[in-house]
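What follows is the content of entry_5.txt, which has compact mmCIF, C-alpha atoms:
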```txt
# COMPACT_ATOMS: atom_id res chain seq x y z
CA MET O 198 62.09 12.52 -14.37
CA ASP O 199 60.38 14.64 -11.75
CA PHE O 200 57.99 17.30 -13.09
CA LYS O 201 56.37 18.07 -9.76
CA ASP O 202 54.60 21.45 -10.03
CA LYS O 203 56.06 22.09 -13.50
CA VAL O 204 53.58 23.56 -15.96
CA VAL O 205 53.34 21.55 -19.18
CA LEU O 206 51.46 22.87 -22.23
CA ILE O 207 50.58 20.33 -24.95
CA THR O 208 48.91 20.98 -28.31
CA GLY O 209 47.18 18.25 -30.28
CA ALA O 210 46.41 16.82 -26.86
CA ALA O 211 43.35 14.80 -27.88
CA GLY O 212 45.43 12.68 -30.27
CA GLY O 213 47.27 9.50 -29.42
CA ILE O 214 50.73 10.94 -28.78
CA GLY O 215 49.41 14.11 -27.14
CA ILE O 216 47.24 12.38 -24.57
CA ALA O 217 49.89 9.72 -23.89
CA ALA O 218 52.36 12.50 -23.11
CA ALA O 219 49.79 14.29 -20.94
CA ARG O 220 49.24 11.19 -18.80
CA LYS O 221 52.95 10.61 -18.36
CA PHE O 222 53.67 14.21 -17.37
CA ALA O 223 50.73 14.08 -14.94
CA LYS O 224 52.10 10.92 -13.37
CA GLU O 225 55.35 12.79 -12.76
CA GLY O 226 53.50 15.60 -10.95
CA ALA O 227 53.06 18.17 -13.72
CA LYS O 228 50.29 20.73 -14.00
CA LEU O 229 48.72 20.42 -17.43
CA ALA O 230 47.30 22.79 -20.02
CA LEU O 231 45.94 20.77 -22.93
CA VAL O 232 44.97 22.24 -26.29
CA ASP O 233 43.07 20.75 -29.21
CA LEU O 234 40.83 22.01 -31.99
CA LYS O 235 37.82 19.97 -30.83
CA LEU O 236 37.05 20.57 -27.18
CA ASP O 237 34.60 17.66 -26.95
CA ALA O 238 37.24 15.21 -28.18
CA LEU O 239 39.74 16.69 -25.73
CA GLN O 240 37.31 16.41 -22.83
CA LYS O 241 36.73 12.75 -23.66
CA ALA O 242 40.42 11.95 -24.07
CA ALA O 243 41.40 13.78 -20.87
CA SER O 244 38.53 12.51 -18.69
CA ASP O 245 41.07 10.81 -16.40
CA LEU O 246 42.96 14.12 -15.95
CA PRO O 247 40.41 16.17 -13.98
CA ASP O 248 42.85 18.89 -12.91
CA ALA O 249 44.03 19.73 -16.43
CA LEU O 250 43.16 23.05 -18.04
CA LEU O 251 41.41 22.18 -21.32
CA LEU O 252 41.51 24.71 -24.14
CA SER O 253 40.14 24.77 -27.67
CA ALA O 254 42.20 26.47 -30.38
CA ASP O 255 43.04 26.40 -34.05
CA VAL O 256 46.83 26.43 -33.88
CA SER O 257 47.09 28.15 -37.27
CA LYS O 258 45.28 31.28 -36.00
CA GLU O 259 47.53 33.69 -34.11
CA ASP O 260 44.81 35.17 -31.93
CA GLN O 261 43.79 31.69 -30.76
CA VAL O 262 47.40 30.67 -30.09
CA LYS O 263 48.00 33.80 -28.03
CA ALA O 264 44.76 33.06 -26.18
CA TYR O 265 45.80 29.53 -25.17
CA VAL O 266 49.21 30.78 -24.03
CA ASP O 267 47.65 33.65 -22.06
CA ALA O 268 45.09 31.31 -20.47
CA THR O 269 47.85 28.94 -19.37
CA VAL O 270 49.91 31.72 -17.82
CA GLU O 271 46.84 33.24 -16.17
CA LYS O 272 45.99 29.87 -14.60
CA PHE O 273 49.47 28.66 -13.61
CA GLY O 274 51.76 31.70 -13.75
CA ARG O 275 54.34 30.21 -16.11
CA ILE O 276 55.09 27.57 -18.79
CA ASP O 277 57.95 25.19 -18.07
CA VAL O 278 57.47 22.69 -20.90
CA PHE O 279 55.84 23.11 -24.31
CA VAL O 280 55.02 20.01 -26.34
CA ASN O 281 54.35 21.52 -29.77
CA ASN O 282 52.51 18.50 -31.09
CA ALA O 283 49.45 19.44 -33.16
CA GLY O 284 49.57 18.15 -36.73
CA ILE O 285 47.63 16.63 -39.61
CA ASN O 286 48.60 14.35 -42.48
CA GLY O 287 46.31 15.72 -45.21
CA SER O 288 45.46 13.72 -48.31
CA PHE O 289 48.04 11.68 -50.20
CA LYS O 290 48.34 12.07 -53.97
CA PRO O 291 51.13 12.43 -56.53
CA ILE O 292 52.31 16.02 -56.86
CA THR O 293 50.58 16.36 -60.25
CA GLU O 294 47.25 15.62 -58.56
CA GLN O 295 47.76 17.65 -55.40
CA THR O 296 45.57 20.66 -54.68
CA VAL O 297 46.53 24.04 -53.33
CA GLU O 298 43.84 23.56 -50.66
CA ASN O 299 45.47 20.39 -49.32
CA TYR O 300 48.95 21.93 -49.30
CA GLU O 301 47.69 25.03 -47.51
CA ALA O 302 45.79 23.01 -44.92
CA VAL O 303 48.81 20.83 -44.06
CA LEU O 304 51.31 23.68 -44.02
CA ASN O 305 49.02 25.94 -41.98
CA ILE O 306 48.69 23.41 -39.16
CA ASN O 307 52.07 21.68 -39.31
CA VAL O 308 54.29 24.69 -40.00
CA VAL O 309 52.42 27.91 -39.20
CA GLY O 310 50.96 26.24 -36.10
CA VAL O 311 54.43 25.23 -34.90
CA PHE O 312 55.78 28.72 -35.61
CA LEU O 313 52.96 30.50 -33.77
CA GLY O 314 53.20 28.21 -30.76
CA LEU O 315 56.92 28.88 -30.50
CA LYS O 316 56.48 32.62 -31.02
CA HIS O 317 54.10 33.05 -28.10
CA VAL O 318 55.34 30.35 -25.72
CA LEU O 319 58.96 31.42 -26.09
CA THR O 320 58.01 35.02 -25.30
CA GLN O 321 56.85 33.73 -21.91
CA MET O 322 59.82 31.40 -21.44
CA LYS O 323 62.28 34.19 -22.24
CA ALA O 324 60.63 36.34 -19.56
CA GLN O 325 61.08 33.44 -17.10
CA GLY O 326 64.63 32.69 -18.20
CA SER O 327 63.94 28.97 -18.54
CA GLY O 328 61.94 26.35 -20.38
CA ALA O 329 62.04 23.27 -22.56
CA VAL O 330 60.28 22.71 -25.90
CA VAL O 331 59.64 19.44 -27.69
CA ASN O 332 58.45 19.80 -31.28
CA THR O 333 56.77 16.86 -32.98
CA ALA O 334 58.42 16.35 -36.35
CA SER O 335 58.41 12.96 -38.09
CA ASN O 336 60.52 10.40 -39.86
CA GLY O 337 58.90 12.12 -42.84
CA GLY O 338 61.02 15.15 -41.96
CA LEU O 339 64.13 13.14 -42.80
CA LEU O 340 63.02 11.01 -45.75
CA GLY O 341 60.81 11.26 -48.83
CA ALA O 342 57.56 9.36 -49.35
CA PRO O 343 55.59 9.06 -52.60
CA GLY O 344 52.26 10.85 -52.47
CA MET O 345 53.07 12.54 -49.17
CA SER O 346 54.90 15.63 -50.40
CA ALA O 347 52.77 18.11 -48.42
CA TYR O 348 53.23 16.24 -45.14
CA VAL O 349 56.91 15.53 -45.81
CA ALA O 350 57.58 19.17 -46.69
CA SER O 351 55.87 20.30 -43.50
CA LYS O 352 57.92 18.00 -41.28
CA HIS O 353 61.20 18.95 -42.97
CA ALA O 354 60.21 22.53 -42.13
CA VAL O 355 59.63 21.63 -38.47
CA ILE O 356 63.18 20.27 -38.21
CA GLY O 357 64.57 23.45 -39.78
CA ILE O 358 62.56 25.64 -37.41
CA ASN O 359 63.67 23.48 -34.48
CA LYS O 360 67.37 23.99 -35.27
CA SER O 361 67.08 27.73 -35.85
CA VAL O 362 64.96 28.50 -32.81
CA ALA O 363 67.19 26.45 -30.51
CA LEU O 364 70.06 28.79 -31.44
CA GLU O 365 67.91 31.88 -30.91
CA VAL O 366 66.94 31.04 -27.33
CA ALA O 367 69.96 29.15 -25.98
CA ASP O 368 71.20 32.29 -24.20
CA HIS O 369 67.88 32.46 -22.33
CA GLY O 370 68.23 29.06 -20.65
CA ILE O 371 65.68 27.47 -23.00
CA ARG O 372 66.18 24.15 -24.80
CA VAL O 373 64.38 23.21 -28.04
CA ASN O 374 64.37 19.68 -29.44
CA ALA O 375 62.26 17.52 -31.74
CA VAL O 376 61.10 13.92 -31.98
CA CYS O 377 60.86 12.15 -35.34
CA PRO O 378 58.60 9.11 -35.08
CA SER O 379 57.90 6.65 -37.84
CA GLY O 380 54.46 5.02 -37.85
CA VAL O 381 52.70 5.15 -34.47
CA ASP O 382 49.68 2.98 -33.66
CA THR O 383 47.21 5.87 -33.40
CA GLN O 384 44.18 7.19 -35.26
CA MET O 385 46.47 9.25 -37.50
CA MET O 386 48.04 6.01 -38.73
CA ARG O 387 44.57 4.65 -39.52
CA SER O 388 44.07 7.74 -41.71
CA ILE O 389 47.43 7.16 -43.41
CA GLU O 390 46.54 3.52 -44.10
CA THR O 391 43.26 4.60 -45.67
CA ASN O 392 45.01 7.26 -47.73
CA ALA O 393 47.53 4.70 -48.94
CA ALA O 394 45.10 1.90 -49.82
CA LYS O 395 41.44 2.67 -49.30
CA GLY O 396 39.51 -0.56 -48.82
CA HIS O 397 42.73 -2.48 -48.16
CA GLU O 398 43.80 -0.91 -44.87
CA GLU O 399 44.92 -4.13 -43.19
CA LYS O 400 47.19 -4.95 -46.13
CA ALA O 401 48.64 -1.44 -45.97
CA ARG O 402 49.23 -1.83 -42.23
CA LYS O 403 51.14 -5.07 -42.72
CA GLN O 404 53.26 -3.51 -45.45
CA PHE O 405 54.06 -0.48 -43.28
CA GLU O 406 54.92 -2.67 -40.28
CA ASN O 407 57.09 -5.00 -42.35
CA SER O 408 59.09 -2.01 -43.60
CA VAL O 409 60.24 -1.36 -40.02
CA PRO O 410 63.22 -3.44 -38.83
CA LEU O 411 61.40 -4.13 -35.54
CA LYS O 412 58.35 -5.21 -37.60
CA ARG O 413 55.77 -3.10 -35.79
CA TYR O 414 54.45 0.38 -35.26
CA ALA O 415 55.55 2.39 -32.25
CA GLU O 416 53.17 2.79 -29.33
CA ALA O 417 52.18 6.33 -28.39
CA ASP O 418 53.64 5.77 -24.92
CA GLU O 419 57.06 5.10 -26.47
CA ILE O 420 57.03 8.47 -28.19
CA ALA O 421 55.82 10.13 -24.99
CA ASP O 422 58.72 8.60 -23.04
CA LEU O 423 61.20 10.30 -25.38
CA MET O 424 59.33 13.58 -25.04
CA LEU O 425 59.55 13.37 -21.25
CA PHE O 426 63.27 12.70 -21.39
CA LEU O 427 63.93 15.67 -23.70
CA ALA O 428 61.84 17.95 -21.49
CA SER O 429 63.55 16.79 -18.30
CA ASP O 430 66.70 17.90 -16.51
CA LYS O 431 68.29 14.62 -17.62
CA ALA O 432 68.55 16.21 -21.08
CA SER O 433 70.01 19.47 -19.75
CA PHE O 434 72.80 19.65 -22.36
CA ILE O 435 70.65 18.70 -25.35
CA THR O 436 69.22 21.40 -27.60
CA GLY O 437 68.72 21.88 -31.32
CA ALA O 438 68.57 18.11 -31.76
CA TYR O 439 66.05 15.88 -33.48
CA TYR O 440 65.68 12.25 -32.51
CA ARG O 441 64.58 9.40 -34.72
CA ILE O 442 62.27 6.97 -32.97
CA ASP O 443 61.58 4.62 -35.83
CA GLY O 444 62.25 1.01 -34.91
CA GLY O 445 65.60 1.01 -36.72
CA GLY O 446 64.37 2.47 -40.02
CA GLY O 447 66.97 5.22 -39.95
CA ALA O 448 69.79 2.70 -39.80
CA ALA O 449 69.08 1.75 -43.40
CA SER O 450 69.09 5.32 -44.76
CA VAL O 451 71.94 7.70 -45.50
```

Target encoding structure tokens, full file:
Amino acid sequence: MDFKDKVVLITGAAGGIGIAAARKFAKEGAKLALVDLKLDALQKAASDLPDALLLSADVSKEDQVKAYVDATVEKFGRIDVFVNNAGINGSFKPITEQTVENYEAVLNINVVGVFLGLKHVLTQMKAQGSGAVVNTASNGGLLGAPGMSAYVASKHAVIGINKSVALEVADHGIRVNAVCPSGVDTQMMRSIETNAAKGHEEKARKQFENSVPLKRYAEADEIADLMLFLASDKASFITGAYYRIDGGGGAASV
């Protein structure tokens, strides 16, 4: 999967999956534009990627999204791959205890952020007549989970957006796909464990891992490998698809 001189834009790049993808694309020769809300965290995570363009943005704010897209194009002249990865899990509570504030926070980042990234990146890709997008959905976009209705709703929305947008841009030589991971051994999963069983995180981890047929979490590198494949020419006839990467969990569901 050769990405030599291809321009790859990644949001949520300071997180586990984002930075794992950045390193893999860099190894394959890509030029990187990396976006995260907290520039200091991004600088620390990407310290081994000295040639990357590092950008701070709130992905739910249209002016900031347009700014990170414009900065990438100004620096590199184009965008060949967009990894639309920024997301949060929010707080987990039964629907009767959920707050409007939590729902809005999760939907603003996970849905509006995905929409805005696609809106502005695809404008550039349509002008080029080429491009590949990988949206980060979740196994939660395919299943339900008690207490996680805000997150689950947001990831179902990502899959719906993914399908619709793939049809909109197919005539422009642009492919749009999504990955749907189950639990990944990253800081986000630590937050989920705490949300699920505060003070008993290790017990929650074991329960989550035991629910997976392969009896473990995914590694961020494993998700990044799938992202690279979907962004590469080896996936040239794949668009509008969403791929489970869940250690066999999907095999047990309808």

| field | Cut-off 12 Å around (38.3, 23.0, -31.1) with all atoms listed in the file: residues as a list in words | value |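 Every polymer residue passing the test: Thr208, Gly209, Ala210, Ala211, Leu231, Val232, Asp233, Leu234, Lys235, Leu236, Asp237, Ala238, Leu239, Gln240, Leu251, Leu252, Ser253, Ala254, Asp255, Val256, Ser257, Lys258, Gln261, Val262, Tyr265 and Ala283 of chain O.
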
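Using all atoms listed in the file for every distance, the candidate list O:Arg387, O:Arg372, O:Lys203, O:Lys263 yields O:Lys263 as the residue closest to Lys316 in chain O.
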
| message | Under the rule that all atoms listed in the file are counted, which of O:Val381, O:Ala264, O:Met345, O:Ala243 is the nearest residue to Glu294 in chain O? | response |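 Distance minimum relative to Glu294 in chain O lands on O:Met345.
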
| request: Would you work out the distance separating CA of Leu319 in chain O from CA of Phe426 in chain O, expressed in Å to one decimal? | output: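 That distance, rounded to one decimal, is 19.8 Å.
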
| Residue nearest Gly212 in chain O - candidates O:Met385, O:Ile435, O:Leu229, O:Met424, atoms counted: all atoms listed in the file |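 Among the listed residues, the smallest separation from Gly212 in chain O belongs to O:Met385.
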
How big is the axis-aligned box around all listed atoms of range 355-371 of chain O once 4 Å goes on each side, and where's its centre, in Å to one decimal, as AutoDock Vina command-line options?
```
--center_x 65.4 --center_y 26.4 --center_z -30.2 --size_x 19.6 --size_y 20.2 --size_z 27.1
```

| query | Given the choices O:Ser429, O:Gln404, O:Thr436, O:Asn305, which gets closest to Glu225 in chain O if the distance is worked out from only C-alpha atoms? | reply |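 Going through O:Ser429, O:Gln404, O:Thr436, O:Asn305 one by one, the smallest distance to Glu225 in chain O is for O:Ser429.
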
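Across the model, the gap from CA of Ser388 in chain O to CA of Arg402 in chain O is 10.9 Å.
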
| message | Using all atoms listed in the file, which protein or nucleic acid residues come within 9 Å of Tyr439 in chain O? Drop anything in the same chain fewer than 5 positions from it, and give the result as a PyMOL selection string. | response | chain O and resi 332+334+356+359-360+374-377

| task | Would you mind telling me which residue in O:Asn299, O:Ser327, O:Asn407, O:Thr333 lies nearest to Ala354 in chain O when using only C-alpha atoms? | result | O:Thr333

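Of note, CA of Ala347 in chain O and CA of Lys290 in chain O are spaced 9.3 Å apart.
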
| field | Pick from O:Gly446, O:Gly437, O:Ala230, O:Phe289 nearest to Glu271 in chain O, counting only C-alpha atoms | value | O:Ala230
